[in-house]
Amino acid sequence: MFKKLLPVLALAAFAAPAFADPSAEDGADSFKKCKSCHSIVAADGTEVVKGGKTGPNLWGIVGNPVASSADFKYGDGILAAKEKGAVWDEAQLVTYLSDPNAWVKTASGDDAAKSKMTFKLPKTEEAEDIAAYLATLK
């Protein structure tokens, strides 16, 4: 029986889709979906991506505490996550981008908490690419 399955298993291994590592270059392109609400402005004032002000500036977000942009008014849910010590890393961003409300509920410990961000990125690969792109902006 196993001898009959071996060729099938070998073929399945080669036919399985290859998952690419996150691409910051692809993330820069995908970020176009985000710029209607978010800008990226470097600490020295250089405008990397001209965007909206509905959401906070995303320069240097990776590695920083959640809700750390001094000039942005955050919602209660994300502020509660900040109080619990949440810090943005690429994995946290991917989870947040996939479902902001679910992330805020988990990170804040409050099942009634909501995110002010209503946009979701259902494609994990795209969220990973955007997180990889944001990680380059320091």
# chains A, B, ... in the order shown; residues from 1 in each chain; ligands from 1
>>> residues_around(residues="Glu128 (chain A)", least_positions_apart="4", cutoff="12 Å", atoms="only C-alpha atoms", output="number ranges by chain")
A: 19-28, 30-31, 89-98, 121-124, 132-135
>>> residues_around(residues="region 56-66 of chain A", least_positions_apart="2", cutoff="9 Å", atoms="only C-alpha atoms", output="ChimeraX atom specification")
/A:37-43,48,51-54,68-69,71-74,78-79,81-83,85-90,93,131,134-138
>>> write_last_selection(atoms="C-alpha atoms", output="short mmCIF file (atom, residue, chain, number, x, y, z; two decimals), in the first residue's frame")
data_model
loop_
_atom_site.label_atom_id
_atom_site.label_comp_id
_atom_site.auth_asym_id
_atom_site.auth_seq_id
_atom_site.Cartn_x
_atom_site.Cartn_y
_atom_site.Cartn_z
CA CYS A 37 -6.39 57.25 5.55
CA HIS A 38 -2.69 56.98 6.47
CA SER A 39 0.37 58.98 5.55
CA ILE A 40 3.99 58.07 6.12
CA VAL A 41 6.03 61.05 7.23
CA ALA A 42 9.58 60.55 8.50
CA ALA A 43 10.74 62.03 11.80
CA VAL A 48 7.43 59.29 2.18
CA GLY A 51 -1.91 60.25 2.49
CA GLY A 52 -4.91 61.01 4.63
CA LYS A 53 -5.07 61.99 8.25
CA THR A 54 -8.02 59.82 9.25
CA SER A 68 2.13 55.95 20.18
CA SER A 69 1.61 58.77 17.67
CA ASP A 71 -0.67 63.88 17.38
CA PHE A 72 -3.44 61.32 16.80
CA LYS A 73 -6.65 60.77 18.77
CA TYR A 74 -6.99 57.02 19.28
CA ILE A 78 -6.60 50.58 21.15
CA LEU A 79 -5.69 52.78 24.11
CA ALA A 81 -4.31 47.64 24.33
CA LYS A 82 -1.55 50.22 24.82
CA GLU A 83 -2.12 50.17 28.58
CA GLY A 85 1.80 46.96 26.89
CA ALA A 86 1.03 46.00 23.28
CA VAL A 87 3.86 46.74 20.84
CA TRP A 88 3.62 46.62 17.06
CA ASP A 89 5.66 43.95 15.35
CA GLU A 90 5.07 42.47 11.93
CA LEU A 93 0.26 44.16 12.26
CA ALA A 131 3.85 44.76 7.46
CA LEU A 134 6.26 49.24 7.23
CA ALA A 135 9.14 47.47 9.00
CA THR A 136 11.58 49.12 6.56
CA LEU A 137 10.43 52.61 7.52
CA LYS A 138 12.61 53.63 10.48
#
>>> select_by_dssp(residues="region 18-135 of chain A", states="strand (DSSP E)", output="VMD selection string")
chain A and resid 40 to 41 47 to 49
>>> select_by_dssp(residues="chain A", states="helix (DSSP H, G or I)", output="tab-separated table (two decimals) with N, CA, C and O atoms, in the first residue's frame")
chain	number	residue	atom	x	y	z
A	2	PHE	N	1.89	1.29	0.89
A	2	PHE	CA	2.75	2.46	1.00
A	2	PHE	C	3.50	2.71	-0.31
A	2	PHE	O	3.68	3.87	-0.70
A	3	LYS	N	3.92	1.64	-0.99
A	3	LYS	CA	4.64	1.80	-2.25
A	3	LYS	C	3.77	2.47	-3.30
A	3	LYS	O	4.25	3.20	-4.13
A	4	LYS	N	2.46	2.25	-3.23
A	4	LYS	CA	1.54	2.88	-4.18
A	4	LYS	C	1.33	4.35	-3.84
A	4	LYS	O	1.11	5.16	-4.72
A	5	LEU	N	1.41	4.68	-2.56
A	5	LEU	CA	1.18	6.07	-2.13
A	5	LEU	C	2.41	6.95	-2.31
A	5	LEU	O	2.29	8.16	-2.45
A	6	LEU	N	3.59	6.36	-2.31
A	6	LEU	CA	4.82	7.13	-2.37
A	6	LEU	C	4.88	8.06	-3.59
A	6	LEU	O	5.17	9.25	-3.43
A	7	PRO	N	4.60	7.59	-4.81
A	7	PRO	CA	4.62	8.51	-5.95
A	7	PRO	C	3.58	9.64	-5.83
A	7	PRO	O	3.84	10.77	-6.22
A	8	VAL	N	2.44	9.34	-5.26
A	8	VAL	CA	1.39	10.35	-5.09
A	8	VAL	C	1.84	11.41	-4.09
A	8	VAL	O	1.67	12.61	-4.31
A	9	LEU	N	2.45	10.97	-2.99
A	9	LEU	CA	2.94	11.92	-1.98
A	9	LEU	C	4.06	12.79	-2.54
A	9	LEU	O	4.13	13.98	-2.27
A	10	ALA	N	4.95	12.18	-3.32
A	10	ALA	CA	6.04	12.95	-3.92
A	10	ALA	C	5.50	14.00	-4.87
A	10	ALA	O	5.95	15.15	-4.87
A	11	LEU	N	4.53	13.63	-5.67
A	11	LEU	CA	3.91	14.58	-6.61
A	11	LEU	C	3.21	15.70	-5.85
A	11	LEU	O	3.32	16.87	-6.21
A	12	ALA	N	2.52	15.36	-4.77
A	12	ALA	CA	1.81	16.37	-3.98
A	12	ALA	C	2.78	17.37	-3.38
A	12	ALA	O	2.50	18.56	-3.30
A	13	ALA	N	3.95	16.90	-2.98
A	13	ALA	CA	4.94	17.81	-2.40
A	13	ALA	C	5.41	18.83	-3.42
A	13	ALA	O	5.61	20.00	-3.11
A	14	PHE	N	5.58	18.41	-4.66
A	14	PHE	CA	6.03	19.32	-5.71
A	14	PHE	C	4.91	20.21	-6.22
A	14	PHE	O	5.14	21.31	-6.69
A	15	ALA	N	3.69	19.73	-6.16
A	15	ALA	CA	2.55	20.48	-6.68
A	15	ALA	C	1.98	21.47	-5.67
A	15	ALA	O	1.22	22.34	-6.04
A	24	ALA	N	8.59	43.45	0.98
A	24	ALA	CA	8.43	44.87	1.27
A	24	ALA	C	8.10	45.64	-0.01
A	24	ALA	O	7.33	46.60	0.02
A	25	GLU	N	8.67	45.21	-1.12
A	25	GLU	CA	8.40	45.87	-2.41
A	25	GLU	C	6.92	45.74	-2.78
A	25	GLU	O	6.27	46.71	-3.16
A	26	ASP	N	6.38	44.52	-2.64
A	26	ASP	CA	4.95	44.33	-2.91
A	26	ASP	C	4.11	45.09	-1.89
A	26	ASP	O	3.05	45.61	-2.22
A	27	GLY	N	4.59	45.14	-0.66
A	27	GLY	CA	3.88	45.88	0.39
A	27	GLY	C	3.79	47.37	0.10
A	27	GLY	O	2.77	48.01	0.37
A	28	ALA	N	4.85	47.93	-0.48
A	28	ALA	CA	4.83	49.35	-0.85
A	28	ALA	C	3.74	49.59	-1.89
A	28	ALA	O	3.03	50.60	-1.84
A	29	ASP	N	3.59	48.66	-2.81
A	29	ASP	CA	2.55	48.77	-3.83
A	29	ASP	C	1.16	48.60	-3.19
A	29	ASP	O	0.24	49.36	-3.48
A	30	SER	N	1.02	47.61	-2.33
A	30	SER	CA	-0.27	47.36	-1.67
A	30	SER	C	-0.66	48.49	-0.73
A	30	SER	O	-1.84	48.67	-0.44
A	31	PHE	N	0.32	49.24	-0.23
A	31	PHE	CA	0.03	50.32	0.71
A	31	PHE	C	-0.86	51.39	0.07
A	31	PHE	O	-1.48	52.18	0.78
A	32	LYS	N	-0.97	51.38	-1.25
A	32	LYS	CA	-1.86	52.32	-1.93
A	32	LYS	C	-3.27	52.24	-1.37
A	32	LYS	O	-4.00	53.23	-1.34
A	33	LYS	N	-3.67	51.05	-0.91
A	33	LYS	CA	-5.00	50.87	-0.32
A	33	LYS	C	-5.12	51.58	1.03
A	33	LYS	O	-6.22	51.84	1.49
A	76	ASP	N	-10.80	54.22	22.36
A	76	ASP	CA	-10.64	53.61	23.68
A	76	ASP	C	-10.08	52.19	23.62
A	76	ASP	O	-9.26	51.81	24.46
A	77	GLY	N	-10.51	51.41	22.63
A	77	GLY	CA	-10.07	50.02	22.54
A	77	GLY	C	-8.57	49.90	22.32
A	77	GLY	O	-7.90	49.12	23.00
A	78	ILE	N	-8.04	50.67	21.42
A	78	ILE	CA	-6.60	50.58	21.15
A	78	ILE	C	-5.79	51.21	22.28
A	78	ILE	O	-4.68	50.78	22.58
A	79	LEU	N	-6.37	52.21	22.94
A	79	LEU	CA	-5.69	52.78	24.11
A	79	LEU	C	-5.62	51.76	25.24
A	79	LEU	O	-4.62	51.71	25.97
A	80	ALA	N	-6.65	50.94	25.38
A	80	ALA	CA	-6.63	49.87	26.39
A	80	ALA	C	-5.55	48.85	26.05
A	80	ALA	O	-4.87	48.33	26.94
A	81	ALA	N	-5.38	48.55	24.75
A	81	ALA	CA	-4.31	47.64	24.33
A	81	ALA	C	-2.95	48.23	24.66
A	81	ALA	O	-2.04	47.52	25.10
A	82	LYS	N	-2.81	49.53	24.48
A	82	LYS	CA	-1.55	50.22	24.82
A	82	LYS	C	-1.27	50.09	26.31
A	82	LYS	O	-0.14	49.82	26.71
A	83	GLU	N	-2.29	50.27	27.13
A	83	GLU	CA	-2.12	50.17	28.58
A	83	GLU	C	-1.67	48.77	28.99
A	83	GLU	O	-1.00	48.61	30.01
A	90	GLU	N	5.68	42.85	13.20
A	90	GLU	CA	5.07	42.47	11.93
A	90	GLU	C	3.90	41.50	12.13
A	90	GLU	O	2.86	41.64	11.48
A	91	ALA	N	4.04	40.55	13.04
A	91	ALA	CA	2.97	39.58	13.27
A	91	ALA	C	1.71	40.26	13.82
A	91	ALA	O	0.59	39.95	13.40
A	92	GLN	N	1.89	41.20	14.75
A	92	GLN	CA	0.75	41.94	15.30
A	92	GLN	C	0.06	42.74	14.20
A	92	GLN	O	-1.17	42.80	14.14
A	93	LEU	N	0.85	43.37	13.35
A	93	LEU	CA	0.26	44.16	12.26
A	93	LEU	C	-0.53	43.28	11.30
A	93	LEU	O	-1.61	43.67	10.86
A	94	VAL	N	-0.02	42.11	10.98
A	94	VAL	CA	-0.73	41.20	10.07
A	94	VAL	C	-2.08	40.82	10.68
A	94	VAL	O	-3.11	40.87	10.01
A	95	THR	N	-2.08	40.49	11.96
A	95	THR	CA	-3.33	40.13	12.64
A	95	THR	C	-4.28	41.30	12.68
A	95	THR	O	-5.47	41.17	12.41
A	96	TYR	N	-3.75	42.49	12.98
A	96	TYR	CA	-4.58	43.70	13.04
A	96	TYR	C	-5.18	44.02	11.67
A	96	TYR	O	-6.37	44.29	11.55
A	97	LEU	N	-4.36	43.97	10.64
A	97	LEU	CA	-4.83	44.30	9.29
A	97	LEU	C	-5.90	43.32	8.81
A	97	LEU	O	-6.79	43.70	8.06
A	98	SER	N	-5.80	42.09	9.24
A	98	SER	CA	-6.78	41.08	8.83
A	98	SER	C	-8.14	41.31	9.46
A	98	SER	O	-9.17	41.07	8.83
A	100	PRO	N	-9.19	44.27	12.36
A	100	PRO	CA	-8.86	45.22	13.43
A	100	PRO	C	-9.71	45.06	14.69
A	100	PRO	O	-9.19	45.14	15.80
A	101	ASN	N	-11.01	44.83	14.55
A	101	ASN	CA	-11.86	44.69	15.73
A	101	ASN	C	-11.48	43.47	16.56
A	101	ASN	O	-11.42	43.54	17.79
A	102	ALA	N	-11.23	42.36	15.91
A	102	ALA	CA	-10.84	41.14	16.64
A	102	ALA	C	-9.52	41.37	17.37
A	102	ALA	O	-9.36	40.95	18.52
A	103	TRP	N	-8.56	42.03	16.70
A	103	TRP	CA	-7.27	42.29	17.33
A	103	TRP	C	-7.44	43.17	18.56
A	103	TRP	O	-6.87	42.89	19.62
A	104	VAL	N	-8.22	44.24	18.44
A	104	VAL	CA	-8.42	45.16	19.57
A	104	VAL	C	-9.09	44.45	20.74
A	104	VAL	O	-8.71	44.64	21.89
A	105	LYS	N	-10.06	43.61	20.45
A	105	LYS	CA	-10.73	42.85	21.52
A	105	LYS	C	-9.74	41.97	22.27
A	105	LYS	O	-9.72	41.93	23.50
A	106	THR	N	-8.91	41.27	21.52
A	106	THR	CA	-7.92	40.38	22.13
A	106	THR	C	-6.85	41.17	22.88
A	106	THR	O	-6.53	40.86	24.02
A	107	ALA	N	-6.28	42.18	22.24
A	107	ALA	CA	-5.18	42.93	22.83
A	107	ALA	C	-5.61	43.75	24.05
A	107	ALA	O	-4.82	43.94	24.97
A	108	SER	N	-6.84	44.21	24.05
A	108	SER	CA	-7.31	45.02	25.18
A	108	SER	C	-7.91	44.16	26.29
A	108	SER	O	-8.03	44.60	27.43
A	124	THR	N	-3.96	37.27	3.69
A	124	THR	CA	-2.84	37.26	4.64
A	124	THR	C	-1.54	37.67	3.97
A	124	THR	O	-0.75	38.42	4.54
A	125	GLU	N	-1.31	37.19	2.76
A	125	GLU	CA	-0.05	37.51	2.07
A	125	GLU	C	0.08	39.02	1.86
A	125	GLU	O	1.16	39.59	2.03
A	126	GLU	N	-1.01	39.68	1.50
A	126	GLU	CA	-0.97	41.13	1.30
A	126	GLU	C	-0.69	41.85	2.63
A	126	GLU	O	0.09	42.79	2.67
A	127	ALA	N	-1.31	41.40	3.70
A	127	ALA	CA	-1.07	41.98	5.03
A	127	ALA	C	0.40	41.78	5.43
A	127	ALA	O	1.02	42.69	5.99
A	128	GLU	N	0.94	40.60	5.15
A	128	GLU	CA	2.35	40.33	5.46
A	128	GLU	C	3.27	41.25	4.67
A	128	GLU	O	4.27	41.74	5.20
A	129	ASP	N	2.94	41.48	3.40
A	129	ASP	CA	3.76	42.37	2.57
A	129	ASP	C	3.73	43.80	3.11
A	129	ASP	O	4.76	44.47	3.17
A	130	ILE	N	2.55	44.27	3.49
A	130	ILE	CA	2.44	45.64	4.03
A	130	ILE	C	3.21	45.75	5.34
A	130	ILE	O	3.92	46.73	5.57
A	131	ALA	N	3.10	44.74	6.20
A	131	ALA	CA	3.85	44.76	7.46
A	131	ALA	C	5.36	44.77	7.18
A	131	ALA	O	6.11	45.49	7.85
A	132	ALA	N	5.81	44.00	6.19
A	132	ALA	CA	7.22	43.98	5.83
A	132	ALA	C	7.66	45.36	5.32
A	132	ALA	O	8.75	45.83	5.65
A	133	TYR	N	6.82	46.00	4.54
A	133	TYR	CA	7.11	47.34	4.05
A	133	TYR	C	7.21	48.33	5.20
A	133	TYR	O	8.19	49.10	5.30
A	134	LEU	N	6.23	48.30	6.09
A	134	LEU	CA	6.26	49.24	7.23
A	134	LEU	C	7.47	49.02	8.11
A	134	LEU	O	7.99	49.96	8.70
A	135	ALA	N	7.94	47.77	8.19
A	135	ALA	CA	9.14	47.47	9.00
A	135	ALA	C	10.40	48.12	8.45
A	135	ALA	O	11.36	48.33	9.17
>>> atom_distance(atom1="CA of Lys114 (chain A)", atom2="CA of Asp99 (chain A)")
10.6 Å
>>> atom_distance(atom1="CA of Gly109 (chain A)", atom2="CA of Ala70 (chain A)")
23.4 Å
